[in-house]
2 protein chains.
Amino acid sequence: MQKKTLIQSIPNFSEGRDLKKVEHIVDAFRGIPGLRLLDYSSDPDHNRSVAVVVGEPQAMKAAMVDAIGRSIDLIDMNMHEGKHPRIGCVDVIPFIPVRGASLQDADLLAKEVAQCASEKYNFPFYLYEASASAPHRASLSGIREGQYEGLAKKMKDPLWRPDYGPAAPHPTGGAAAIGARMPIVYYNINLDTSNLETARSIARRIRGSDGGYRFVKAMGIVPEGRTNAQVSVNLTDYSRTSLYTVFETVRMEAARYGARVTSSEVVGYLPLQALVDSAEYYLQLEDFSTDQILEYDIWNREDDDR
Amino acid sequence: MQKKTLIQSIPNFSEGRDLKKVEHIVDAFRGIPGLRLLDYSSDPDHNRSVAVVVGEPQAMKAAMVDAIGRSIDLIDMNMHEGKHPRIGCVDVIPFIPVRGASLQDADLLAKEVAQCASEKYNFPFYLYEASASAPHRASLSGIREGQYEGLAKKMKDPLWRPDYGPAAPHPTGGAAAIGARMPIVYYNINLDTSNLETARSIARRIRGSDGGYRFVKAMGIVPEGRTNAQVSVNLTDYSRTSLYTVFETVRMEAARYGARVTSSEVVGYLPLQALVDSAEYYLQLEDFSTDQILEYDIWNREDDDR
């Protein structure tokens, strides 16, 4: 039984106004067997577009190298202005394991794409996130510091020599960050208080940067359209810190303020395994496998008959 | 965005010894676009085979009518003996909604198959389960009472006139039960006691037949290979009585005996929605949809591009 390997990518391009150019770039992802363009959108204020693509690694590699080339041809960073920090015509390319693929598989793919595109276009790439070649380069904000305009100077610093390609920005394309990461889960937990400080205190206790869970970012907010305080969370590795762990910890921390959790929300996609991990915890499930999910097993078998 | 409608069927045939005949019957499900033969197995003691098929309704209908015809051609019930109660060469055909389909859709399909096959082969069908035309005919055991040998006499009784086809058994094929039902979830809850009576008492309190949940069958056992008592449950409509409801109720009932739940197990397939329903309960999730499950959404979109 062949299981399809699926990796997702969410490339960001520095064009959000000339939609014909955007069409030509995302066209690289259409009509490719084993690859699917799920979505794309453009923001004219940011002057930036984001595409969501998913597919088998080899199909993804070829299409991404093509898309990178198209963005280099079409976008002149010397003309680029927009509200979003950026270093290149294709600014960041994350690879995210979806199914039958590990973080290591996504990392390998990121490096293959960088190797191939850097040679083909003489274009510099920085490995980031789980692929980063040094700790100070893991975070995107560090790589983006100085933006496109500051690249020439930055690249003279040995600490900021690109991982692939020339040690100088592409004359019109700049540079790109590329690497593997786990899917981010955007998870909000609503409290029965309107006290923003309560949510902020709880957020400080659970986020890694302040001594909480390593793979949790969090902040306290009162969201638009609501009157209650909310702990807004990014789970940067749901396989190591689960939804239920964050939920139960927030509940525990909220109790000291006399506050309760009223509800929670997942915004956007949730990996199936994340749902299973939480159900397994609460139902104390033994030996449960995603293959037991009827639709999932059917999907896995699509290419063969019994 | 086209969503595939998927219905599952688990036809049972009264042949479990002559494997060439079984092959010829299940061959009706192979090589059909929109249909997939997931599995099949034969039991020589029961002299019975079971196939698991899933697919789009129209593909399922044509293949099932074909398979019914093949079983009529190959199996002579006058020669049939085996340890499992049966009324016909194709003994029972349940249709089960899997995705993008409701119980009503499965019911319509069951009736279309019965209509078509009864006319084509002059073969009688009894609607059962959710499709039953009267309450006393919903249960399979009622329909099977008297077995193949008692059919001629049974069909003279107005209460047991078949829903489709002649009011007499097919001379070599007998009759079949056909209808729609929800997927059954096989769910076991392990206790930290070896006291069988405890598990039996809890089972009596939760099962519909003794005043518990309508869509729950349950019994107390000490399973082979374990030393602890277990409440063994069939959820006959997980969309109305969830895993978490049964789990929490067993936990609550066990407390009076000083017993605790140590773990639970799902045996076989679990519909995705059943998992979601339980996760939603424990995480107090607002507005969560199965479309948010990354793999599920990709699967739904397989036939188109953005």
# chains A, B, ... in the order shown; residues from 1 in each chain; ligands from 1
>>> interface_residues(of="chain B", to="chain A", cutoff="9 Å", atoms="only C-alpha atoms", output="ChimeraX atom specification")
/B:30-31,36-40,54,98-99,243-244,247-248,261-272,275-276,278-279,282-288,291-299,301-302,304-306
>>> select_by_dssp(residues="segment 116-304 of chain A", states="alpha helix (DSSP H)", output="PyMOL selection string")
chain A and resi 116-121+140-144+151-154+196-206+243-255+272-283+294-300
>>> atom_distance(atom1="atom CA of Gly212 of chain A", atom2="atom CA of Ala138 of chain A")
19.6 Å
>>> residues_around(residues="Ala59 of chain A", least_positions_apart="5", cutoff="9 Å", atoms="only C-alpha atoms", output="number ranges by chain")
A: 32-35, 64
>>> calpha_fit_and_write(fixed="chain A", moving="chain B", output="compact mmCIF listing (two decimals) with C-alpha atoms, in the first residue's frame")
# COMPACT_ATOMS: atom_id res chain seq x y z
CA MET B 1 -0.08 0.01 -0.13
CA GLN B 2 1.51 3.23 -1.31
CA LYS B 3 1.13 6.23 0.94
CA LYS B 4 1.46 9.62 -0.64
CA THR B 5 4.06 11.87 0.96
CA LEU B 6 2.77 15.39 1.26
CA ILE B 7 4.70 18.52 2.05
CA GLN B 8 3.18 21.98 2.17
CA SER B 9 4.86 25.24 1.29
CA ILE B 10 3.75 28.84 1.83
CA PRO B 11 6.07 30.96 -0.36
CA ASN B 12 5.84 34.72 0.05
CA PHE B 13 6.59 36.95 -2.97
CA SER B 14 7.27 40.69 -2.92
CA GLU B 15 4.54 41.66 -5.37
CA GLY B 16 1.02 42.52 -4.25
CA ARG B 17 -0.14 45.19 -6.70
CA ASP B 18 0.50 43.97 -10.23
CA LEU B 19 -1.80 40.96 -10.23
CA LYS B 20 -0.70 39.86 -13.71
CA LYS B 21 2.80 39.32 -12.35
CA VAL B 22 1.37 37.39 -9.39
CA GLU B 23 -0.64 35.16 -11.75
CA HIS B 24 2.44 34.39 -13.78
CA ILE B 25 4.41 33.44 -10.67
CA VAL B 26 1.73 31.17 -9.11
CA ASP B 27 1.15 29.61 -12.51
CA ALA B 28 4.36 27.69 -11.83
CA PHE B 29 2.27 25.60 -9.37
CA ARG B 30 -0.59 24.76 -11.71
CA GLY B 31 -1.04 21.68 -13.86
CA ILE B 32 1.74 19.72 -12.16
CA PRO B 33 0.92 16.08 -11.34
CA GLY B 34 1.43 15.44 -7.65
CA LEU B 35 1.13 19.14 -6.77
CA ARG B 36 -1.81 21.30 -5.83
CA LEU B 37 -2.13 25.09 -5.52
CA LEU B 38 -4.57 25.39 -2.61
CA ASP B 39 -4.82 29.15 -2.35
CA TYR B 40 -3.09 32.48 -2.90
CA SER B 41 -3.76 36.10 -1.94
CA SER B 42 -2.21 39.53 -2.46
CA ASP B 43 -1.92 42.52 -0.16
CA PRO B 44 -1.37 45.86 -1.91
CA ASP B 45 -0.34 47.69 1.28
CA HIS B 46 2.29 45.09 2.05
CA ASN B 47 3.01 44.80 -1.67
CA ARG B 48 3.25 41.08 -1.04
CA SER B 49 1.54 37.83 -2.05
CA VAL B 50 1.31 34.48 -0.32
CA ALA B 51 0.60 31.14 -1.99
CA VAL B 52 -0.30 27.85 -0.31
CA VAL B 53 0.90 24.79 -2.17
CA VAL B 54 0.90 21.11 -1.20
CA GLY B 55 2.33 18.09 -2.94
CA GLU B 56 4.86 15.36 -3.30
CA PRO B 57 8.47 16.45 -2.70
CA GLN B 58 9.87 16.05 -6.20
CA ALA B 59 6.93 17.82 -7.85
CA MET B 60 7.21 20.57 -5.22
CA LYS B 61 10.94 21.01 -5.84
CA ALA B 62 10.66 21.49 -9.59
CA ALA B 63 7.71 23.87 -9.34
CA MET B 64 9.31 25.94 -6.58
CA VAL B 65 12.57 26.36 -8.49
CA ASP B 66 10.47 27.51 -11.46
CA ALA B 67 8.45 29.95 -9.31
CA ILE B 68 11.63 31.38 -7.81
CA GLY B 69 12.94 32.01 -11.34
CA ARG B 70 9.71 33.70 -12.38
CA SER B 71 9.80 36.01 -9.37
CA ILE B 72 13.41 36.94 -10.13
CA ASP B 73 12.45 37.76 -13.73
CA LEU B 74 9.40 39.84 -12.80
CA ILE B 75 10.21 41.65 -9.56
CA ASP B 76 12.81 44.41 -9.20
CA MET B 77 13.50 44.90 -5.51
CA ASN B 78 15.18 48.24 -6.21
CA MET B 79 11.67 49.52 -7.04
CA HIS B 80 9.95 47.70 -4.18
CA GLU B 81 8.22 49.42 -1.30
CA GLY B 82 5.54 48.06 1.02
CA LYS B 83 4.52 47.84 4.68
CA HIS B 84 5.97 44.36 5.29
CA PRO B 85 9.66 43.72 6.06
CA ARG B 86 11.35 41.83 3.18
CA ILE B 87 14.73 40.79 1.85
CA GLY B 88 13.90 39.54 -1.64
CA CYS B 89 11.58 39.01 -4.60
CA VAL B 90 10.76 35.62 -3.12
CA ASP B 91 11.15 36.53 0.49
CA VAL B 92 10.57 33.36 2.51
CA ILE B 93 9.84 29.74 1.59
CA PRO B 94 8.82 27.46 4.48
CA PHE B 95 8.39 23.72 3.93
CA ILE B 96 5.98 22.01 6.27
CA PRO B 97 5.43 18.24 6.65
CA VAL B 98 1.77 17.27 6.20
CA ARG B 99 1.51 13.54 5.73
CA GLY B 100 3.93 10.64 5.48
CA ALA B 101 6.72 13.20 5.87
CA SER B 102 8.86 14.26 8.79
CA LEU B 103 10.47 17.57 9.60
CA GLN B 104 13.71 15.99 8.29
CA ASP B 105 12.05 15.30 4.93
CA ALA B 106 10.93 18.93 4.70
CA ASP B 107 14.45 20.04 5.67
CA LEU B 108 15.99 17.92 2.90
CA LEU B 109 13.57 19.41 0.39
CA ALA B 110 14.36 22.97 1.52
CA LYS B 111 18.06 22.32 1.04
CA GLU B 112 17.57 20.71 -2.37
CA VAL B 113 15.53 23.68 -3.58
CA ALA B 114 18.10 26.13 -2.24
CA GLN B 115 20.98 24.22 -3.83
CA CYS B 116 19.28 24.00 -7.20
CA ALA B 117 17.89 27.55 -7.36
CA SER B 118 21.07 29.18 -6.03
CA GLU B 119 23.08 27.52 -8.81
CA LYS B 120 20.52 28.14 -11.54
CA TYR B 121 19.92 31.82 -10.77
CA ASN B 122 23.10 32.80 -8.85
CA PHE B 123 20.76 33.76 -6.00
CA PRO B 124 21.59 33.69 -2.24
CA PHE B 125 19.54 31.71 0.31
CA TYR B 126 19.52 31.71 4.13
CA LEU B 127 18.43 28.52 5.86
CA TYR B 128 16.06 29.35 8.72
CA GLU B 129 13.80 27.74 11.38
CA ALA B 130 14.51 24.02 11.81
CA SER B 131 16.99 24.15 8.88
CA ALA B 132 19.07 27.03 10.27
CA SER B 133 22.85 26.54 10.12
CA ALA B 134 23.40 28.53 13.32
CA PRO B 135 21.15 29.53 16.27
CA HIS B 136 21.17 33.26 15.48
CA ARG B 137 19.83 32.51 12.00
CA ALA B 138 16.82 30.40 13.05
CA SER B 139 14.49 33.35 13.42
CA LEU B 140 13.13 35.15 10.37
CA SER B 141 13.25 38.53 12.07
CA GLY B 142 17.04 38.19 12.53
CA ILE B 143 17.51 37.33 8.86
CA ARG B 144 15.27 40.21 7.77
CA GLU B 145 17.03 42.80 9.91
CA GLY B 146 18.26 45.55 7.58
CA GLN B 147 15.82 44.34 4.90
CA TYR B 148 16.69 44.26 1.20
CA GLU B 149 18.49 47.58 1.34
CA GLY B 150 20.88 46.42 4.09
CA LEU B 151 21.79 43.07 2.48
CA ALA B 152 25.04 44.04 0.76
CA LYS B 153 26.52 45.30 4.02
CA LYS B 154 25.04 42.44 6.10
CA MET B 155 26.51 39.78 3.83
CA LYS B 156 30.05 41.10 4.46
CA ASP B 157 29.66 39.98 8.09
CA PRO B 158 30.88 36.34 8.44
CA LEU B 159 27.93 35.67 10.77
CA TRP B 160 25.58 36.50 7.90
CA ARG B 161 27.15 34.77 4.95
CA PRO B 162 24.34 33.09 2.95
CA ASP B 163 24.08 29.28 3.16
CA TYR B 164 23.75 28.92 -0.61
CA GLY B 165 24.67 31.09 -3.58
CA PRO B 166 26.89 34.18 -3.78
CA ALA B 167 27.94 36.23 -0.73
CA ALA B 168 26.21 39.25 -2.28
CA PRO B 169 22.55 40.08 -2.94
CA HIS B 170 21.12 39.29 -6.37
CA PRO B 171 21.18 42.67 -8.16
CA THR B 172 17.38 42.86 -8.53
CA GLY B 173 16.15 39.87 -6.51
CA GLY B 174 17.90 40.23 -3.17
CA ALA B 175 17.93 37.04 -1.07
CA ALA B 176 15.46 34.53 0.40
CA ALA B 177 14.98 32.64 3.65
CA ILE B 178 14.18 28.96 3.18
CA GLY B 179 13.71 26.06 5.58
CA ALA B 180 11.56 23.47 7.30
CA ARG B 181 9.18 24.05 10.13
CA MET B 182 6.24 22.31 11.75
CA PRO B 183 2.72 23.59 10.99
CA ILE B 184 1.84 26.43 13.32
CA VAL B 185 -1.44 25.96 15.18
CA TYR B 186 -3.25 29.22 15.90
CA TYR B 187 -5.21 28.58 19.10
CA ASN B 188 -7.24 31.05 21.17
CA ILE B 189 -8.54 30.40 24.67
CA ASN B 190 -11.42 32.57 25.90
CA LEU B 191 -11.77 33.51 29.57
CA ASP B 192 -14.87 34.59 31.47
CA THR B 193 -13.28 37.86 32.47
CA SER B 194 -12.80 41.11 30.58
CA ASN B 195 -9.61 41.81 32.55
CA LEU B 196 -6.84 42.11 29.97
CA GLU B 197 -4.13 41.87 32.64
CA THR B 198 -5.35 38.40 33.60
CA ALA B 199 -4.94 37.16 30.02
CA ARG B 200 -1.53 38.87 29.77
CA SER B 201 -0.30 37.28 33.01
CA ILE B 202 -1.42 33.82 31.88
CA ALA B 203 0.24 34.35 28.48
CA ARG B 204 3.54 35.22 30.18
CA ARG B 205 3.43 32.04 32.22
CA ILE B 206 2.86 29.70 29.26
CA ARG B 207 5.10 31.21 26.57
CA GLY B 208 8.64 29.96 26.03
CA SER B 209 10.22 33.40 25.89
CA ASP B 210 9.21 34.03 29.53
CA GLY B 211 9.99 30.59 30.93
CA GLY B 212 6.91 28.67 29.82
CA TYR B 213 6.57 25.98 27.15
CA ARG B 214 9.39 26.09 24.62
CA PHE B 215 7.16 25.70 21.55
CA VAL B 216 4.50 28.16 22.66
CA LYS B 217 4.15 31.84 21.80
CA ALA B 218 1.28 33.64 23.50
CA MET B 219 -0.22 36.98 24.28
CA GLY B 220 -3.21 38.31 26.18
CA ILE B 221 -5.74 40.31 24.18
CA VAL B 222 -9.34 41.43 24.08
CA PRO B 223 -10.12 40.51 20.47
CA GLU B 224 -12.11 42.75 18.19
CA GLY B 225 -15.75 41.80 18.33
CA ARG B 226 -15.51 40.24 21.79
CA THR B 227 -15.73 41.69 25.30
CA ASN B 228 -13.83 38.93 27.07
CA ALA B 229 -10.11 38.54 27.55
CA GLN B 230 -8.38 35.87 25.51
CA VAL B 231 -5.06 34.06 25.57
CA SER B 232 -3.96 33.98 21.94
CA VAL B 233 -1.49 31.18 21.29
CA ASN B 234 0.81 30.00 18.50
CA LEU B 235 1.84 26.38 18.91
CA THR B 236 5.09 26.20 16.96
CA ASP B 237 5.44 22.44 17.39
CA TYR B 238 2.11 20.79 18.19
CA SER B 239 3.80 17.37 18.26
CA ARG B 240 5.74 18.41 21.35
CA THR B 241 3.29 20.72 23.09
CA SER B 242 -0.30 19.72 22.46
CA LEU B 243 -3.56 21.64 22.40
CA TYR B 244 -4.70 19.89 25.58
CA THR B 245 -1.50 20.78 27.44
CA VAL B 246 -1.96 24.47 26.69
CA PHE B 247 -5.70 24.31 27.42
CA GLU B 248 -5.28 22.64 30.79
CA THR B 249 -2.37 24.88 31.77
CA VAL B 250 -4.33 28.04 30.94
CA ARG B 251 -7.25 26.69 32.94
CA MET B 252 -4.97 25.97 35.90
CA GLU B 253 -3.30 29.40 35.73
CA ALA B 254 -6.63 31.20 35.28
CA ALA B 255 -7.96 29.73 38.52
CA ARG B 256 -5.67 31.89 40.63
CA TYR B 257 -7.41 34.94 39.22
CA GLY B 258 -10.84 33.43 39.81
CA ALA B 259 -11.27 33.15 36.06
CA ARG B 260 -12.54 30.23 34.02
CA VAL B 261 -12.10 29.10 30.44
CA THR B 262 -15.36 29.47 28.54
CA SER B 263 -14.30 28.14 25.13
CA SER B 264 -11.39 27.77 22.75
CA GLU B 265 -10.97 28.15 19.00
CA VAL B 266 -8.57 26.83 16.40
CA VAL B 267 -8.04 29.40 13.65
CA GLY B 268 -7.18 27.96 10.25
CA TYR B 269 -5.83 24.49 9.73
CA LEU B 270 -5.28 21.85 12.41
CA PRO B 271 -3.14 18.80 11.65
CA LEU B 272 -5.06 15.56 12.19
CA GLN B 273 -2.41 14.30 14.61
CA ALA B 274 -2.96 17.36 16.84
CA LEU B 275 -6.63 16.45 17.15
CA VAL B 276 -5.80 12.81 17.81
CA ASP B 277 -3.23 13.72 20.50
CA SER B 278 -5.82 15.67 22.46
CA ALA B 279 -8.58 13.07 22.07
CA GLU B 280 -6.08 10.40 23.17
CA TYR B 281 -5.30 12.37 26.32
CA TYR B 282 -8.89 12.90 27.42
CA LEU B 283 -10.19 9.44 26.48
CA GLN B 284 -7.03 7.72 27.73
CA LEU B 285 -6.90 5.92 24.37
CA GLU B 286 -4.55 2.96 23.98
CA ASP B 287 -2.84 2.21 20.67
CA PHE B 288 -4.90 4.56 18.54
CA SER B 289 -3.60 5.26 15.05
CA THR B 290 -4.66 7.82 12.44
CA ASP B 291 -5.08 4.80 10.10
CA GLN B 292 -8.17 3.97 12.17
CA ILE B 293 -9.85 7.09 10.94
CA LEU B 294 -12.02 5.74 8.16
CA GLU B 295 -11.73 8.64 5.75
CA TYR B 296 -7.98 8.92 6.35
CA ASP B 297 -7.34 5.27 5.61
CA ILE B 298 -9.42 5.39 2.43
CA TRP B 299 -7.46 8.46 1.33
CA ASN B 300 -4.16 6.71 1.98
CA ARG B 301 -5.21 3.78 -0.18
CA GLU B 302 -6.41 5.82 -3.13
CA ASP B 303 -3.88 4.39 -5.49
CA ASP B 304 -4.58 0.73 -4.99
CA ASP B 305 -7.17 -1.95 -4.64
CA ARG B 306 -7.32 -4.99 -2.47
>>> select_by_dssp(residues="segment 70-255 of chain A", states="strand (DSSP E or B)", output="ChimeraX atom specification")
/A:88,90-99,125-127,164,170,174,176-180,185-191,207,213,216-221,230-235
>>> write_last_selection(atoms="N, CA and C atoms", output="compact mmCIF listing (two decimals), in the first residue's frame")
# COMPACT_ATOMS: atom_id res chain seq x y z
N GLY A 88 13.70 39.95 -0.23
CA GLY A 88 13.86 39.54 -1.62
C GLY A 88 12.57 39.41 -2.40
N VAL A 90 11.40 36.69 -3.85
CA VAL A 90 10.75 35.63 -3.12
C VAL A 90 11.39 35.71 -1.74
N ASP A 91 10.58 36.06 -0.76
CA ASP A 91 11.12 36.53 0.50
C ASP A 91 11.37 35.41 1.51
N VAL A 92 10.40 34.47 1.60
CA VAL A 92 10.56 33.35 2.52
C VAL A 92 9.82 32.15 1.96
N ILE A 93 10.42 30.97 2.11
CA ILE A 93 9.83 29.72 1.59
C ILE A 93 9.90 28.66 2.69
N PRO A 94 8.83 28.53 3.48
CA PRO A 94 8.82 27.45 4.48
C PRO A 94 8.32 26.14 3.86
N PHE A 95 8.90 25.03 4.31
CA PHE A 95 8.39 23.71 3.93
C PHE A 95 7.90 23.00 5.18
N ILE A 96 6.69 22.46 5.09
CA ILE A 96 5.97 21.98 6.27
C ILE A 96 5.49 20.55 6.03
N PRO A 97 5.89 19.58 6.86
CA PRO A 97 5.43 18.20 6.64
C PRO A 97 3.93 18.08 6.90
N VAL A 98 3.21 17.41 6.01
CA VAL A 98 1.77 17.23 6.18
C VAL A 98 1.43 15.77 6.43
N ARG A 99 1.92 14.88 5.55
CA ARG A 99 1.53 13.48 5.69
C ARG A 99 2.62 12.59 5.14
N PHE A 125 20.56 32.24 -0.59
CA PHE A 125 19.53 31.74 0.30
C PHE A 125 20.07 31.62 1.72
N TYR A 126 19.22 31.98 2.71
CA TYR A 126 19.50 31.73 4.12
C TYR A 126 18.61 30.60 4.61
N LEU A 127 19.22 29.57 5.20
CA LEU A 127 18.42 28.53 5.86
C LEU A 127 17.90 29.10 7.18
N TYR A 164 23.64 29.39 0.79
CA TYR A 164 23.76 28.95 -0.60
C TYR A 164 23.91 30.19 -1.48
N HIS A 170 21.39 39.31 -4.91
CA HIS A 170 21.07 39.32 -6.34
C HIS A 170 20.74 40.77 -6.72
N GLY A 174 17.56 40.28 -4.58
CA GLY A 174 17.87 40.26 -3.16
C GLY A 174 18.28 38.89 -2.67
N ALA A 176 16.65 35.19 -0.14
CA ALA A 176 15.44 34.55 0.39
C ALA A 176 15.81 33.72 1.61
N ALA A 177 14.86 33.59 2.54
CA ALA A 177 14.96 32.66 3.66
C ALA A 177 14.22 31.39 3.26
N ILE A 178 14.80 30.24 3.57
CA ILE A 178 14.18 28.97 3.17
C ILE A 178 14.46 27.93 4.25
N GLY A 179 13.45 27.08 4.55
CA GLY A 179 13.70 26.07 5.57
C GLY A 179 12.46 25.30 5.97
N ALA A 180 12.65 24.34 6.84
CA ALA A 180 11.56 23.46 7.28
C ALA A 180 11.03 23.91 8.63
N VAL A 185 0.01 26.00 14.83
CA VAL A 185 -1.40 25.95 15.18
C VAL A 185 -1.76 27.25 15.89
N TYR A 186 -2.74 27.94 15.34
CA TYR A 186 -3.20 29.21 15.91
C TYR A 186 -4.40 28.90 16.79
N TYR A 187 -4.21 29.08 18.10
CA TYR A 187 -5.17 28.58 19.09
C TYR A 187 -5.50 29.67 20.09
N ASN A 188 -6.76 30.01 20.23
CA ASN A 188 -7.19 31.06 21.16
C ASN A 188 -8.02 30.47 22.28
N ILE A 189 -7.76 30.93 23.50
CA ILE A 189 -8.51 30.43 24.66
C ILE A 189 -9.21 31.60 25.33
N ASN A 190 -10.54 31.52 25.33
CA ASN A 190 -11.37 32.60 25.86
C ASN A 190 -11.64 32.43 27.35
N LEU A 191 -11.50 33.55 28.09
CA LEU A 191 -11.74 33.54 29.53
C LEU A 191 -13.06 34.25 29.83
N ARG A 207 4.29 31.03 27.78
CA ARG A 207 5.13 31.16 26.59
C ARG A 207 6.61 30.91 26.88
N TYR A 213 6.33 27.01 28.12
CA TYR A 213 6.58 25.93 27.17
C TYR A 213 7.43 26.40 26.00
N VAL A 216 5.71 27.31 22.56
CA VAL A 216 4.51 28.12 22.68
C VAL A 216 4.86 29.60 22.66
N LYS A 217 4.19 30.35 21.76
CA LYS A 217 4.19 31.81 21.81
C LYS A 217 2.77 32.20 22.25
N ALA A 218 2.66 33.24 23.03
CA ALA A 218 1.32 33.61 23.50
C ALA A 218 1.27 35.07 23.87
N MET A 219 0.07 35.64 23.75
CA MET A 219 -0.14 36.97 24.27
C MET A 219 -1.58 37.10 24.75
N GLY A 220 -1.78 38.07 25.67
CA GLY A 220 -3.13 38.32 26.16
C GLY A 220 -3.74 39.45 25.37
N ILE A 221 -4.97 39.26 24.93
CA ILE A 221 -5.65 40.32 24.16
C ILE A 221 -7.13 40.36 24.50
N GLN A 230 -8.66 37.12 26.20
CA GLN A 230 -8.32 35.89 25.49
C GLN A 230 -6.82 35.68 25.54
N VAL A 231 -6.42 34.42 25.71
CA VAL A 231 -5.01 34.07 25.57
C VAL A 231 -4.83 33.56 24.14
N SER A 232 -4.08 34.31 23.35
CA SER A 232 -3.91 33.98 21.94
C SER A 232 -2.57 33.28 21.76
N VAL A 233 -2.61 32.05 21.25
CA VAL A 233 -1.44 31.18 21.29
C VAL A 233 -1.00 30.74 19.89
N ASN A 234 0.31 30.67 19.66
CA ASN A 234 0.85 29.97 18.49
C ASN A 234 1.58 28.74 19.01
N LEU A 235 1.14 27.56 18.59
CA LEU A 235 1.86 26.33 18.92
C LEU A 235 2.85 26.08 17.78
>>> decode(residues="segment 125-138 of chain B", atoms="N, CA, C and O atoms", output="mmCIF file, in the first residue's frame")
data_model
loop_
_atom_site.group_PDB
_atom_site.id
_atom_site.type_symbol
_atom_site.label_atom_id
_atom_site.label_comp_id
_atom_site.auth_asym_id
_atom_site.auth_seq_id
_atom_site.Cartn_x
_atom_site.Cartn_y
_atom_site.Cartn_z
ATOM 1 N N PHE B 125 -36.278 -8.698 -1.206
ATOM 2 C CA PHE B 125 -35.449 -7.941 -0.268
ATOM 3 C C PHE B 125 -36.285 -7.440 0.902
ATOM 4 O O PHE B 125 -37.419 -6.973 0.717
ATOM 5 N N TYR B 126 -35.695 -7.482 2.116
ATOM 6 C CA TYR B 126 -36.287 -6.856 3.298
ATOM 7 C C TYR B 126 -35.477 -5.617 3.638
ATOM 8 O O TYR B 126 -34.255 -5.703 3.814
ATOM 9 N N LEU B 127 -36.163 -4.471 3.758
ATOM 10 C CA LEU B 127 -35.486 -3.274 4.252
ATOM 11 C C LEU B 127 -35.293 -3.433 5.757
ATOM 12 O O LEU B 127 -36.213 -3.866 6.464
ATOM 13 N N TYR B 128 -34.099 -3.055 6.246
ATOM 14 C CA TYR B 128 -33.842 -3.198 7.690
ATOM 15 C C TYR B 128 -33.160 -1.957 8.237
ATOM 16 O O TYR B 128 -32.935 -0.979 7.519
ATOM 17 N N GLU B 129 -32.843 -1.975 9.554
ATOM 18 C CA GLU B 129 -32.179 -0.843 10.230
ATOM 19 C C GLU B 129 -32.928 0.468 9.925
ATOM 20 O O GLU B 129 -34.138 0.493 10.014
ATOM 21 N N ALA B 130 -32.197 1.520 9.608
ATOM 22 C CA ALA B 130 -32.814 2.832 9.414
ATOM 23 C C ALA B 130 -33.783 2.855 8.228
ATOM 24 O O ALA B 130 -34.614 3.755 8.127
ATOM 25 N N SER B 131 -33.698 1.858 7.342
ATOM 26 C CA SER B 131 -34.574 1.808 6.160
ATOM 27 C C SER B 131 -35.843 0.995 6.407
ATOM 28 O O SER B 131 -36.733 0.978 5.552
ATOM 29 N N ALA B 132 -35.935 0.347 7.544
ATOM 30 C CA ALA B 132 -37.031 -0.607 7.804
ATOM 31 C C ALA B 132 -38.404 0.015 7.580
ATOM 32 O O ALA B 132 -38.642 1.168 7.940
ATOM 33 N N SER B 133 -39.321 -0.784 6.996
ATOM 34 C CA SER B 133 -40.661 -0.278 6.674
ATOM 35 C C SER B 133 -41.636 -0.460 7.847
ATOM 36 O O SER B 133 -42.767 0.012 7.793
ATOM 37 N N ALA B 134 -41.177 -1.141 8.890
ATOM 38 C CA ALA B 134 -41.991 -1.288 10.099
ATOM 39 C C ALA B 134 -41.053 -1.588 11.266
ATOM 40 O O ALA B 134 -39.991 -2.180 11.051
ATOM 41 N N PRO B 135 -41.425 -1.208 12.499
ATOM 42 C CA PRO B 135 -40.496 -1.359 13.638
ATOM 43 C C PRO B 135 -40.019 -2.790 13.864
ATOM 44 O O PRO B 135 -38.852 -3.013 14.191
ATOM 45 N N HIS B 136 -40.901 -3.781 13.658
ATOM 46 C CA HIS B 136 -40.493 -5.157 13.951
ATOM 47 C C HIS B 136 -39.489 -5.682 12.928
ATOM 48 O O HIS B 136 -38.875 -6.729 13.129
ATOM 49 N N ARG B 137 -39.300 -4.951 11.851
ATOM 50 C CA ARG B 137 -38.380 -5.396 10.791
ATOM 51 C C ARG B 137 -37.035 -4.667 10.827
ATOM 52 O O ARG B 137 -36.177 -4.908 9.982
ATOM 53 N N ALA B 138 -36.840 -3.759 11.814
ATOM 54 C CA ALA B 138 -35.590 -2.995 11.854
ATOM 55 C C ALA B 138 -34.411 -3.891 12.192
ATOM 56 O O ALA B 138 -33.323 -3.741 11.630
#
